[in-house]
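Data from entry-v3.pdb: PDB, C-alpha atoms
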```pdb
ATOM      1  CA  MET C1302     -48.817 -11.612 -13.073
ATOM      2  CA  LYS C1303     -46.193 -10.178 -15.403
ATOM      3  CA  ILE C1304     -44.349  -8.626 -12.456
ATOM      4  CA  GLN C1305     -44.540 -11.917 -10.540
ATOM      5  CA  SER C1306     -43.105 -13.777 -13.542
ATOM      6  CA  LEU C1307     -40.262 -11.286 -13.834
ATOM      7  CA  VAL C1308     -39.483 -11.629 -10.126
ATOM      8  CA  ALA C1309     -39.589 -15.430 -10.340
ATOM      9  CA  GLY C1310     -37.354 -15.380 -13.409
ATOM     10  CA  ALA C1311     -34.851 -13.083 -11.732
ATOM     11  CA  ALA C1312     -34.791 -15.307  -8.650
ATOM     12  CA  ALA C1313     -34.224 -18.393 -10.783
ATOM     13  CA  ALA C1314     -31.421 -16.674 -12.669
ATOM     14  CA  ALA C1315     -29.788 -15.616  -9.423
ATOM     15  CA  LEU C1316     -30.044 -19.170  -8.124
ATOM     16  CA  LEU C1317     -28.444 -20.574 -11.265
ATOM     17  CA  SER C1318     -25.656 -18.031 -11.127
ATOM     18  CA  THR C1319     -24.669 -19.162  -7.636
ATOM     19  CA  ALA C1320     -25.363 -22.855  -8.101
ATOM     20  CA  THR C1321     -22.556 -25.359  -7.590
ATOM     21  CA  TYR C1322     -22.609 -27.825 -10.452
ATOM     22  CA  ALA C1323     -21.963 -31.510  -9.883
ATOM     23  CA  GLU C1324     -18.426 -32.691 -10.600
ATOM     24  CA  THR C1325     -16.675 -36.048 -10.381
ATOM     25  CA  LEU C1326     -12.942 -36.482  -9.874
ATOM     26  CA  ARG C1327     -11.217 -39.731 -10.822
ATOM     27  CA  ILE C1328      -8.249 -40.202  -8.490
ATOM     28  CA  GLN C1329      -5.719 -43.019  -8.176
ATOM     29  CA  THR C1330      -3.653 -43.892  -5.109
ATOM     30  CA  HIS C1331      -0.988 -46.573  -4.805
ATOM     31  CA  TYR C1332      -2.252 -47.576  -1.372
ATOM     32  CA  ALA C1333      -4.390 -50.644  -0.828
ATOM     33  CA  PRO C1334      -7.740 -49.928   0.852
ATOM     34  CA  GLU C1335      -6.869 -52.099   3.864
ATOM     35  CA  THR C1336      -3.725 -50.115   4.743
ATOM     36  CA  VAL C1337      -3.898 -47.241   7.202
ATOM     37  CA  SER C1338      -3.207 -44.750   4.400
ATOM     38  CA  GLY C1339      -5.885 -46.359   2.248
ATOM     39  CA  GLN C1340      -8.420 -45.947   5.038
ATOM     40  CA  LEU C1341      -7.411 -42.303   5.476
ATOM     41  CA  ALA C1342      -7.837 -41.739   1.735
ATOM     42  CA  ALA C1343     -11.349 -43.166   2.008
ATOM     43  CA  GLN C1344     -12.103 -40.686   4.786
ATOM     44  CA  PHE C1345     -10.848 -37.868   2.551
ATOM     45  CA  VAL C1346     -13.320 -38.977  -0.130
ATOM     46  CA  ASP C1347     -16.156 -38.998   2.403
ATOM     47  CA  ASP C1348     -15.174 -35.548   3.703
ATOM     48  CA  VAL C1349     -15.194 -34.003   0.227
ATOM     49  CA  GLN C1350     -18.509 -35.552  -0.720
ATOM     50  CA  THR C1351     -20.153 -34.651   2.579
ATOM     51  CA  MET C1352     -18.936 -31.035   2.653
ATOM     52  CA  SER C1353     -20.061 -30.520  -0.943
ATOM     53  CA  GLY C1354     -23.483 -31.992  -0.252
ATOM     54  CA  GLY C1355     -22.775 -34.620  -2.896
ATOM     55  CA  ASP C1356     -22.104 -32.057  -5.642
ATOM     56  CA  LEU C1357     -18.425 -33.031  -5.768
ATOM     57  CA  THR C1358     -17.867 -36.777  -5.885
ATOM     58  CA  ILE C1359     -14.663 -38.797  -6.055
ATOM     59  CA  GLU C1360     -14.101 -42.119  -7.778
ATOM     60  CA  MET C1361     -11.023 -43.476  -5.980
ATOM     61  CA  PHE C1362      -8.911 -46.194  -7.564
ATOM     62  CA  TYR C1363      -6.813 -48.023  -4.969
ATOM     63  CA  SER C1364      -3.672 -50.149  -5.346
ATOM     64  CA  SER C1365      -2.762 -48.427  -8.646
ATOM     65  CA  SER C1366      -5.563 -50.361 -10.329
ATOM     66  CA  VAL C1367      -5.745 -48.176 -13.471
ATOM     67  CA  VAL C1368      -2.061 -47.628 -14.271
ATOM     68  CA  LYS C1369       1.212 -48.332 -12.491
ATOM     69  CA  SER C1370       2.053 -46.027  -9.597
ATOM     70  CA  VAL C1371       4.826 -44.271 -11.511
ATOM     71  CA  GLU C1372       2.402 -43.637 -14.417
ATOM     72  CA  THR C1373      -0.339 -42.015 -12.318
ATOM     73  CA  PHE C1374       0.918 -38.459 -12.814
ATOM     74  CA  ASP C1375       0.923 -38.803 -16.610
ATOM     75  CA  ALA C1376      -2.464 -40.530 -16.566
ATOM     76  CA  ALA C1377      -3.910 -37.527 -14.727
ATOM     77  CA  ALA C1378      -2.155 -35.001 -16.946
ATOM     78  CA  SER C1379      -3.430 -36.724 -20.101
ATOM     79  CA  GLY C1380      -7.039 -37.140 -18.939
ATOM     80  CA  ILE C1381      -7.132 -40.880 -18.204
ATOM     81  CA  LEU C1382      -7.529 -39.798 -14.575
ATOM     82  CA  ASP C1383      -8.163 -36.373 -13.074
ATOM     83  CA  CYS C1384      -5.847 -36.436 -10.078
ATOM     84  CA  ASP C1385      -2.773 -38.253  -8.802
ATOM     85  CA  MET C1386      -2.654 -39.307  -5.154
ATOM     86  CA  THR C1387       0.748 -41.018  -5.126
ATOM     87  CA  GLY C1388       3.849 -38.834  -4.732
ATOM     88  CA  GLY C1389       6.127 -36.475  -6.584
ATOM     89  CA  GLY C1390       9.126 -38.756  -6.062
ATOM     90  CA  TYR C1391       7.886 -40.962  -8.900
ATOM     91  CA  GLN C1392       8.490 -38.094 -11.348
ATOM     92  CA  THR C1393      12.212 -37.503 -10.883
ATOM     93  CA  GLY C1394      12.768 -38.753 -14.438
ATOM     94  CA  LYS C1395      10.867 -35.709 -15.686
ATOM     95  CA  ASN C1396      12.774 -33.261 -13.545
ATOM     96  CA  PRO C1397      15.132 -33.958 -10.612
ATOM     97  CA  ALA C1398      13.327 -31.152  -8.776
ATOM     98  CA  PHE C1399      10.500 -33.597  -8.027
ATOM     99  CA  GLN C1400      12.845 -35.325  -5.574
ATOM    100  CA  PHE C1401      12.582 -32.294  -3.311
ATOM    101  CA  VAL C1402       8.797 -32.247  -3.246
ATOM    102  CA  GLY C1403       8.504 -36.038  -3.185
ATOM    103  CA  ASP C1404      11.082 -37.343  -0.724
ATOM    104  CA  ILE C1405      13.461 -34.896   0.916
ATOM    105  CA  MET C1406      15.823 -37.657   2.050
ATOM    106  CA  GLY C1407      17.931 -36.822   5.069
ATOM    107  CA  GLY C1408      16.008 -33.594   5.600
ATOM    108  CA  TYR C1409      13.256 -33.074   8.143
ATOM    109  CA  ASP C1410      12.743 -35.090  11.321
ATOM    110  CA  THR C1411       8.944 -34.887  11.528
ATOM    111  CA  PRO C1412       5.943 -34.394   9.232
ATOM    112  CA  TRP C1413       5.174 -31.140  11.053
ATOM    113  CA  GLN C1414       8.537 -29.662  10.052
ATOM    114  CA  GLN C1415       8.036 -30.721   6.452
ATOM    115  CA  TYR C1416       4.502 -29.275   6.324
ATOM    116  CA  SER C1417       5.914 -26.077   7.798
ATOM    117  CA  TRP C1418       8.241 -25.647   4.835
ATOM    118  CA  LEU C1419       5.332 -26.133   2.402
ATOM    119  CA  TYR C1420       3.029 -23.636   4.089
ATOM    120  CA  ASN C1421       5.730 -21.095   4.939
ATOM    121  CA  GLY C1422       7.029 -20.189   1.530
ATOM    122  CA  GLY C1423       7.592 -23.528  -0.204
ATOM    123  CA  PHE C1424       4.199 -23.992  -1.814
ATOM    124  CA  GLU C1425       4.684 -21.499  -4.638
ATOM    125  CA  ALA C1426       7.951 -23.046  -5.813
ATOM    126  CA  ALA C1427       6.480 -26.547  -5.596
ATOM    127  CA  ASP C1428       3.297 -25.586  -7.435
ATOM    128  CA  ASN C1429       5.299 -23.852 -10.172
ATOM    129  CA  LEU C1430       7.091 -27.141 -10.805
ATOM    130  CA  TYR C1431       3.792 -29.031 -11.113
ATOM    131  CA  GLY C1432       2.369 -26.324 -13.353
ATOM    132  CA  THR C1433       5.175 -26.878 -15.863
ATOM    133  CA  TYR C1434       3.626 -30.283 -16.530
ATOM    134  CA  GLY C1435      -0.001 -29.162 -16.619
ATOM    135  CA  MET C1436      -0.730 -30.187 -13.030
ATOM    136  CA  LYS C1437      -1.833 -28.367  -9.880
ATOM    137  CA  LEU C1438      -0.445 -29.293  -6.459
ATOM    138  CA  VAL C1439      -3.305 -29.408  -3.945
ATOM    139  CA  GLY C1440      -1.431 -30.618  -0.876
ATOM    140  CA  TRP C1441       0.610 -33.237   0.965
ATOM    141  CA  TRP C1442      -0.176 -36.076   3.357
ATOM    142  CA  ILE C1443       2.893 -37.284   5.249
ATOM    143  CA  TYR C1444       2.924 -40.368   7.474
ATOM    144  CA  GLY C1445       6.401 -39.816   8.906
ATOM    145  CA  GLN C1446       9.710 -41.597   8.589
ATOM    146  CA  GLU C1447       9.673 -44.846   6.657
ATOM    147  CA  SER C1448      10.810 -48.190   8.031
ATOM    148  CA  LEU C1449      12.565 -50.830   5.985
ATOM    149  CA  ALA C1450      11.518 -54.464   5.708
ATOM    150  CA  SER C1451      14.280 -57.033   5.362
ATOM    151  CA  SER C1452      15.055 -60.726   5.424
ATOM    152  CA  LYS C1453      18.492 -59.837   6.815
ATOM    153  CA  PRO C1454      19.587 -57.708   9.790
ATOM    154  CA  ILE C1455      19.755 -53.941   9.134
ATOM    155  CA  ARG C1456      21.541 -52.873  12.315
ATOM    156  CA  ASN C1457      23.680 -50.151  10.723
ATOM    157  CA  ALA C1458      25.066 -48.992   7.380
ATOM    158  CA  ASP C1459      27.542 -51.897   7.241
ATOM    159  CA  ASP C1460      24.586 -54.282   6.840
ATOM    160  CA  PHE C1461      23.640 -52.575   3.565
ATOM    161  CA  LYS C1462      26.607 -54.129   1.737
ATOM    162  CA  ASP C1463      25.214 -56.247  -1.138
ATOM    163  CA  TRP C1464      21.679 -55.818   0.264
ATOM    164  CA  LYS C1465      19.218 -56.097  -2.632
ATOM    165  CA  PHE C1466      16.162 -54.020  -1.954
ATOM    166  CA  ARG C1467      13.205 -52.400  -3.677
ATOM    167  CA  SER C1468      13.803 -48.711  -4.057
ATOM    168  CA  PRO C1469      11.642 -45.958  -5.506
ATOM    169  CA  PRO C1470      13.301 -44.076  -8.360
ATOM    170  CA  GLY C1471      15.442 -41.052  -7.719
ATOM    171  CA  LEU C1472      18.088 -39.934  -5.290
ATOM    172  CA  GLU C1473      17.621 -42.891  -2.940
ATOM    173  CA  THR C1474      19.219 -45.285  -5.405
ATOM    174  CA  GLU C1475      22.417 -43.203  -5.453
ATOM    175  CA  ILE C1476      22.650 -42.818  -1.678
ATOM    176  CA  PHE C1477      22.132 -46.501  -0.919
ATOM    177  CA  ALA C1478      24.388 -47.653  -3.750
ATOM    178  CA  ALA C1479      27.132 -45.485  -2.236
ATOM    179  CA  LEU C1480      26.580 -47.402   1.025
ATOM    180  CA  GLY C1481      27.121 -50.713  -0.789
ATOM    181  CA  ALA C1482      23.484 -51.723  -1.285
ATOM    182  CA  LYS C1483      21.972 -52.905  -4.556
ATOM    183  CA  PRO C1484      18.763 -50.923  -5.101
ATOM    184  CA  ILE C1485      16.249 -52.301  -7.592
ATOM    185  CA  VAL C1486      13.603 -49.864  -8.801
ATOM    186  CA  MET C1487      10.201 -51.529  -9.036
ATOM    187  CA  ASP C1488       6.564 -50.564  -8.712
ATOM    188  CA  PHE C1489       5.021 -50.300  -5.265
ATOM    189  CA  THR C1490       2.537 -53.067  -6.102
ATOM    190  CA  GLU C1491       5.316 -55.570  -6.942
ATOM    191  CA  ILE C1492       7.034 -55.502  -3.543
ATOM    192  CA  PHE C1493       5.187 -58.384  -1.876
ATOM    193  CA  THR C1494       5.830 -60.852  -4.712
ATOM    194  CA  ALA C1495       9.475 -59.788  -5.055
ATOM    195  CA  LEU C1496      10.073 -60.421  -1.343
ATOM    196  CA  GLU C1497       8.139 -63.687  -1.433
ATOM    197  CA  THR C1498      10.187 -65.032  -4.336
ATOM    198  CA  GLY C1499      13.537 -63.798  -3.023
ATOM    199  CA  ILE C1500      14.198 -61.401  -5.903
ATOM    200  CA  ILE C1501      14.998 -58.825  -3.224
ATOM    201  CA  ASP C1502      16.297 -59.087   0.342
ATOM    202  CA  GLY C1503      14.274 -56.127   1.547
ATOM    203  CA  ALA C1504      12.141 -53.181   0.631
ATOM    204  CA  ASP C1505      11.725 -49.509   1.162
ATOM    205  CA  ALA C1506       7.935 -49.462   0.991
ATOM    206  CA  SER C1507       6.254 -47.269   3.588
ATOM    207  CA  GLY C1508       5.900 -46.546   7.289
ATOM    208  CA  LEU C1509       5.882 -49.382   9.796
ATOM    209  CA  ALA C1510       2.088 -49.590  10.123
ATOM    210  CA  ASN C1511       1.553 -49.549   6.363
ATOM    211  CA  ASN C1512       4.188 -52.249   5.945
ATOM    212  CA  VAL C1513       2.224 -54.385   8.394
ATOM    213  CA  GLY C1514      -0.935 -53.723   6.383
ATOM    214  CA  LEU C1515       0.860 -54.838   3.234
ATOM    215  CA  GLY C1516       1.843 -58.094   4.948
ATOM    216  CA  LEU C1517       5.592 -57.551   4.491
ATOM    217  CA  TYR C1518       6.503 -58.798   7.959
ATOM    218  CA  ASP C1519       4.668 -62.022   7.280
ATOM    219  CA  LEU C1520       7.551 -62.693   4.873
ATOM    220  CA  VAL C1521      10.567 -61.101   6.565
ATOM    221  CA  ASN C1522      11.487 -60.526  10.191
ATOM    222  CA  HIS C1523      13.778 -57.500  10.298
ATOM    223  CA  ALA C1524      12.767 -53.835  10.458
ATOM    224  CA  ASN C1525      14.038 -50.490  11.717
ATOM    225  CA  PHE C1526      12.132 -47.969  13.835
ATOM    226  CA  PRO C1527      12.080 -45.034  14.164
ATOM    227  CA  GLY C1528      12.992 -44.492  10.552
ATOM    228  CA  PHE C1529      15.739 -42.143   9.427
ATOM    229  CA  HIS C1530      16.279 -42.298   5.680
ATOM    230  CA  SER C1531      13.039 -41.310   3.989
ATOM    231  CA  MET C1532       9.863 -39.359   4.717
ATOM    232  CA  PRO C1533       7.881 -39.165   1.466
ATOM    233  CA  SER C1534       5.403 -36.406   0.834
ATOM    234  CA  ASP C1535       2.465 -38.214  -0.690
ATOM    235  CA  HIS C1536       0.585 -35.634  -2.685
ATOM    236  CA  LEU C1537      -2.707 -34.777  -4.270
ATOM    237  CA  ALA C1538      -2.117 -33.220  -7.661
ATOM    238  CA  CYS C1539      -4.830 -32.578 -10.236
ATOM    239  CA  ARG C1540      -4.790 -31.762 -13.924
ATOM    240  CA  LYS C1541      -4.688 -27.980 -14.187
ATOM    241  CA  ASP C1542      -7.650 -27.555 -16.524
ATOM    242  CA  LYS C1543      -9.776 -29.890 -14.395
ATOM    243  CA  TRP C1544      -8.857 -27.984 -11.256
ATOM    244  CA  ASP C1545      -9.603 -24.652 -12.909
ATOM    245  CA  SER C1546     -13.042 -25.921 -13.940
ATOM    246  CA  LEU C1547     -14.041 -26.477 -10.306
ATOM    247  CA  SER C1548     -16.039 -23.788  -8.553
ATOM    248  CA  ASP C1549     -14.325 -21.711  -5.872
ATOM    249  CA  ALA C1550     -16.431 -23.562  -3.298
ATOM    250  CA  HIS C1551     -15.259 -26.960  -4.539
ATOM    251  CA  LYS C1552     -11.641 -25.826  -4.601
ATOM    252  CA  ARG C1553     -11.952 -24.639  -1.015
ATOM    253  CA  ILE C1554     -13.531 -27.936   0.026
ATOM    254  CA  MET C1555     -10.676 -29.869  -1.586
ATOM    255  CA  ASP C1556      -8.103 -27.681   0.148
ATOM    256  CA  VAL C1557      -9.744 -28.005   3.566
ATOM    257  CA  ALA C1558     -10.241 -31.765   3.196
ATOM    258  CA  MET C1559      -6.607 -32.132   2.122
ATOM    259  CA  GLN C1560      -5.328 -30.221   5.122
ATOM    260  CA  LYS C1561      -7.476 -32.403   7.379
ATOM    261  CA  LEU C1562      -6.016 -35.481   5.676
ATOM    262  CA  ALA C1563      -2.518 -34.100   6.278
ATOM    263  CA  PHE C1564      -3.217 -33.563   9.970
ATOM    264  CA  GLN C1565      -4.959 -36.909  10.437
ATOM    265  CA  THR C1566      -2.228 -38.801   8.581
ATOM    266  CA  ALA C1567       0.599 -37.490  10.777
ATOM    267  CA  LEU C1568      -1.492 -37.847  13.937
ATOM    268  CA  THR C1569      -2.731 -41.345  13.131
ATOM    269  CA  PHE C1570       0.695 -42.738  12.316
ATOM    270  CA  GLU C1571       2.163 -41.408  15.552
ATOM    271  CA  VAL C1572      -0.058 -43.992  17.222
ATOM    272  CA  LYS C1573      -0.301 -46.687  14.548
ATOM    273  CA  ASN C1574       3.452 -47.032  14.096
ATOM    274  CA  LEU C1575       3.996 -47.510  17.828
ATOM    275  CA  GLU C1576       1.187 -50.057  17.934
ATOM    276  CA  ALA C1577       2.745 -51.847  14.971
ATOM    277  CA  LYS C1578       6.133 -51.898  16.711
ATOM    278  CA  THR C1579       4.629 -53.527  19.808
ATOM    279  CA  GLU C1580       2.760 -56.061  17.663
ATOM    280  CA  LEU C1581       5.836 -56.958  15.627
ATOM    281  CA  GLU C1582       8.089 -57.329  18.657
ATOM    282  CA  ALA C1583       5.544 -59.729  20.176
ATOM    283  CA  LYS C1584       5.761 -61.797  16.977
ATOM    284  CA  GLY C1585       9.534 -61.941  17.146
ATOM    285  CA  VAL C1586      10.367 -59.419  14.439
ATOM    286  CA  ASN C1587      13.759 -57.809  15.059
ATOM    287  CA  ILE C1588      13.517 -54.023  15.182
ATOM    288  CA  TYR C1589      16.651 -51.884  15.087
ATOM    289  CA  ASN C1590      16.940 -48.314  16.346
ATOM    290  CA  TRP C1591      19.945 -46.692  14.698
ATOM    291  CA  SER C1592      22.300 -44.605  16.809
ATOM    292  CA  GLN C1593      22.337 -40.831  16.564
ATOM    293  CA  GLU C1594      25.832 -41.034  15.100
ATOM    294  CA  ASP C1595      24.674 -43.315  12.263
ATOM    295  CA  ARG C1596      21.647 -41.106  11.611
ATOM    296  CA  LYS C1597      23.799 -37.988  11.480
ATOM    297  CA  ALA C1598      26.187 -39.638   9.027
ATOM    298  CA  PHE C1599      23.303 -40.606   6.751
ATOM    299  CA  ARG C1600      21.857 -37.076   6.881
ATOM    300  CA  ALA C1601      25.230 -35.564   5.968
ATOM    301  CA  ALA C1602      25.661 -37.972   3.038
ATOM    302  CA  ALA C1603      22.142 -37.307   1.779
ATOM    303  CA  GLN C1604      22.424 -33.533   1.984
ATOM    304  CA  GLY C1605      25.758 -33.704   0.203
ATOM    305  CA  ALA C1606      24.053 -35.588  -2.631
ATOM    306  CA  TRP C1607      21.334 -32.901  -2.799
ATOM    307  CA  GLN C1608      23.782 -30.410  -4.262
ATOM    308  CA  GLY C1609      24.595 -32.585  -7.249
ATOM    309  CA  TRP C1610      20.897 -32.953  -7.957
ATOM    310  CA  ALA C1611      20.290 -29.255  -7.413
ATOM    311  CA  ASP C1612      22.695 -28.477 -10.250
ATOM    312  CA  LYS C1613      20.718 -30.584 -12.734
ATOM    313  CA  THR C1614      17.879 -28.099 -13.340
ATOM    314  CA  PRO C1615      17.003 -24.549 -12.271
ATOM    315  CA  GLU C1616      13.818 -25.823 -10.595
ATOM    316  CA  ALA C1617      15.827 -28.279  -8.491
ATOM    317  CA  ARG C1618      18.219 -25.535  -7.413
ATOM    318  CA  VAL C1619      15.327 -23.310  -6.311
ATOM    319  CA  LEU C1620      13.827 -26.070  -4.177
ATOM    320  CA  VAL C1621      17.100 -27.260  -2.630
ATOM    321  CA  ASP C1622      18.087 -23.715  -1.675
ATOM    322  CA  SER C1623      14.640 -23.167  -0.181
ATOM    323  CA  HIS C1624      14.898 -26.342   1.917
ATOM    324  CA  MET C1625      18.440 -25.565   3.063
ATOM    325  CA  GLU C1626      17.405 -22.101   4.181
ATOM    326  CA  PHE C1627      14.396 -23.433   6.103
ATOM    327  CA  LEU C1628      16.365 -26.327   7.633
ATOM    328  CA  GLY C1629      18.870 -23.745   8.818
ATOM    329  CA  GLN C1630      16.075 -21.834  10.515
ATOM    330  CA  LEU C1631      15.073 -25.060  12.290
ATOM    331  CA  GLY C1632      18.668 -25.811  13.309
ATOM    332  CA  LEU C1633      18.763 -29.045  11.301
ATOM    333  CA  VAL C1634      21.772 -28.046   9.203
ATOM    334  CA  GLU C1635      24.940 -26.269  10.220
TER     335      GLU C1635
END
```
Let me see whether you can do it: turn the structure in this file into structure tokens.
Amino acid sequence: MKIQSLVAGAAAAALLSTATYAETLRIQTHYAPETVSGQLAAQFVDDVQTMSGGDLTIEMFYSSSVVKSVETFDAAASGILDCDMTGGGYQTGKNPAFQFVGDIMGGYDTPWQQYSWLYNGGFEAADNLYGTYGMKLVGWWIYGQESLASSKPIRNADDFKDWKFRSPPGLETEIFAALGAKPIVMDFTEIFTALETGIIDGADASGLANNVGLGLYDLVNHANFPGFHSMPSDHLACRKDKWDSLSDAHKRIMDVAMQKLAFQTALTFEVKNLEAKTELEAKGVNIYNWSQEDRKAFRAAAQGAWQGWADKTPEARVLVDSHMEFLGQLGLVE
């Protein structure tokens, strides 16, 4: 009996030593649940919970329901939340380097190219930046080039003169102001009301399909597609001590689920944006496809502005140089 008890005790101890303890992550995203990105985020939650057998659960807060979108990063870092599922571009006030992990304006043509930079040498530099602020970068989910929504035509750069539009913070405000526009930085959740009341003429919100989900083209009837100016890297970033407390199994599950989300996001929007374009054209929305010459001019102006931002902090310089080197490999810069 004594031997049996010892064996049973050893087995129990071994089981406990390999057990995966239950964890809950509180995550906020700026996307509404009815948007395409919101639905993809919900699938990410289901994937994590299913793969962990329910041992790792996620409480997802949509539409920036806990704090404003721009405050999500700090809320995660301070413990109000555990993870931020918005984007690094909101944190350019902390360090201009976040521009080059959040929205590499005038850089890559496709999500696949941008992912390639991250997973071919860029991740370490990006994660080091997050680590400076007590956060851990888990991954990106990129829906492709953004489309603008406007109450006025946006046929080319000349139409941006005196165009008041919602802009995220950061480099975008400088580039568009140089083109004659009047960018107004406001929270993602305020766009609909600002358009409805005429505070702004247009908005840089999201991709075409997400803009439809937000109802922006119920208010305005001008858009551009394909996009050219902005391809944000929405991220998942978690508080470092919370991430470190997860088991290796849970970390691996999060990583795998995030890479699936990345793949599904790019793949889904390839289809959803084209469907949205067809739907909008049938409703009489004017959609403008900028010429290659206009796109090239915007890319040159944006990449010229990168260098001024790169000189602001050492971290920004590291990231800009890394992007320029990789873009050169892809033949996207001369």
Return the single residue from C:Pro1454, C:Lys1543, C:Thr1351, C:Tyr1518 that is closest to C:Leu1382, with distances computed using only C-alpha atoms.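 Closest residue, counting only C-alpha atoms: C:Lys1543.
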Please measure the separation of atom CA of C:Asp1556 and atom CA of C:Met1361, giving the value in Å to one decimal. 17.2 Å
Which value, in Å to one decimal, gives the distance between atom CA of C:Thr1494 and atom CA of C:Lys1465?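 Distance reported for this atom pair: 14.4 Å.
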Residues within 12 Å of C:Leu1520, all atoms listed in the file, excluding chain neighbours under 5 positions, as a ChimeraX atom specification: /C:1450-1453,1492-1499,1501-1504,1512-1513,1515,1586
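A straight line drawn from atom CA of C:Gln1608 to atom CA of C:Gln1400 is 12.1 Å long.
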Closest of C:Arg1540, C:Lys1573, C:Arg1327, C:Lys1613 to C:Phe1374, counting all atoms listed in the file, is C:Arg1540
I need the output of the PyMOL selection byres ((chain C and resi 1440) around 6) for this file as JSON, numbers by chain; which residues are they? {"C": [1438, 1439, 1441, 1536, 1537]}
Report as AutoDock Vina command-line options the centre and the edge lengths, in Å to one decimal, of the axis-aligned box holding every listed atom of stretch 1555-1560 of chain C, padded by 3 Å on each side.
```
--center_x -8.0 --center_y -29.9 --center_z 1.8 --size_x 11.3 --size_y 10.5 --size_z 12.7
```
Starting from the displayed file, determine the output of the PyMOL selection byres ((chain C and resi 1399) around 10) and express the residue list as a ChimeraX atom specification. /C:1388-1398,1400-1405,1427,1430-1431,1471,1616-1617,1620
Residue nearest C:Val1619 among C:Phe1489, C:Phe1529, C:Ala1478, C:Glu1425 (counting all atoms listed in the file):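 Under the stated criterion, the closest residue is C:Glu1425.
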Near C:Glu1372, within 10 Å and counting only C-alpha atoms, which residues show up once chain neighbours fewer than 5 positions away are dropped, as an MDAnalysis selection string? chainID C and resid 1365 1367 1377 1385 1387 1391:1392 1488
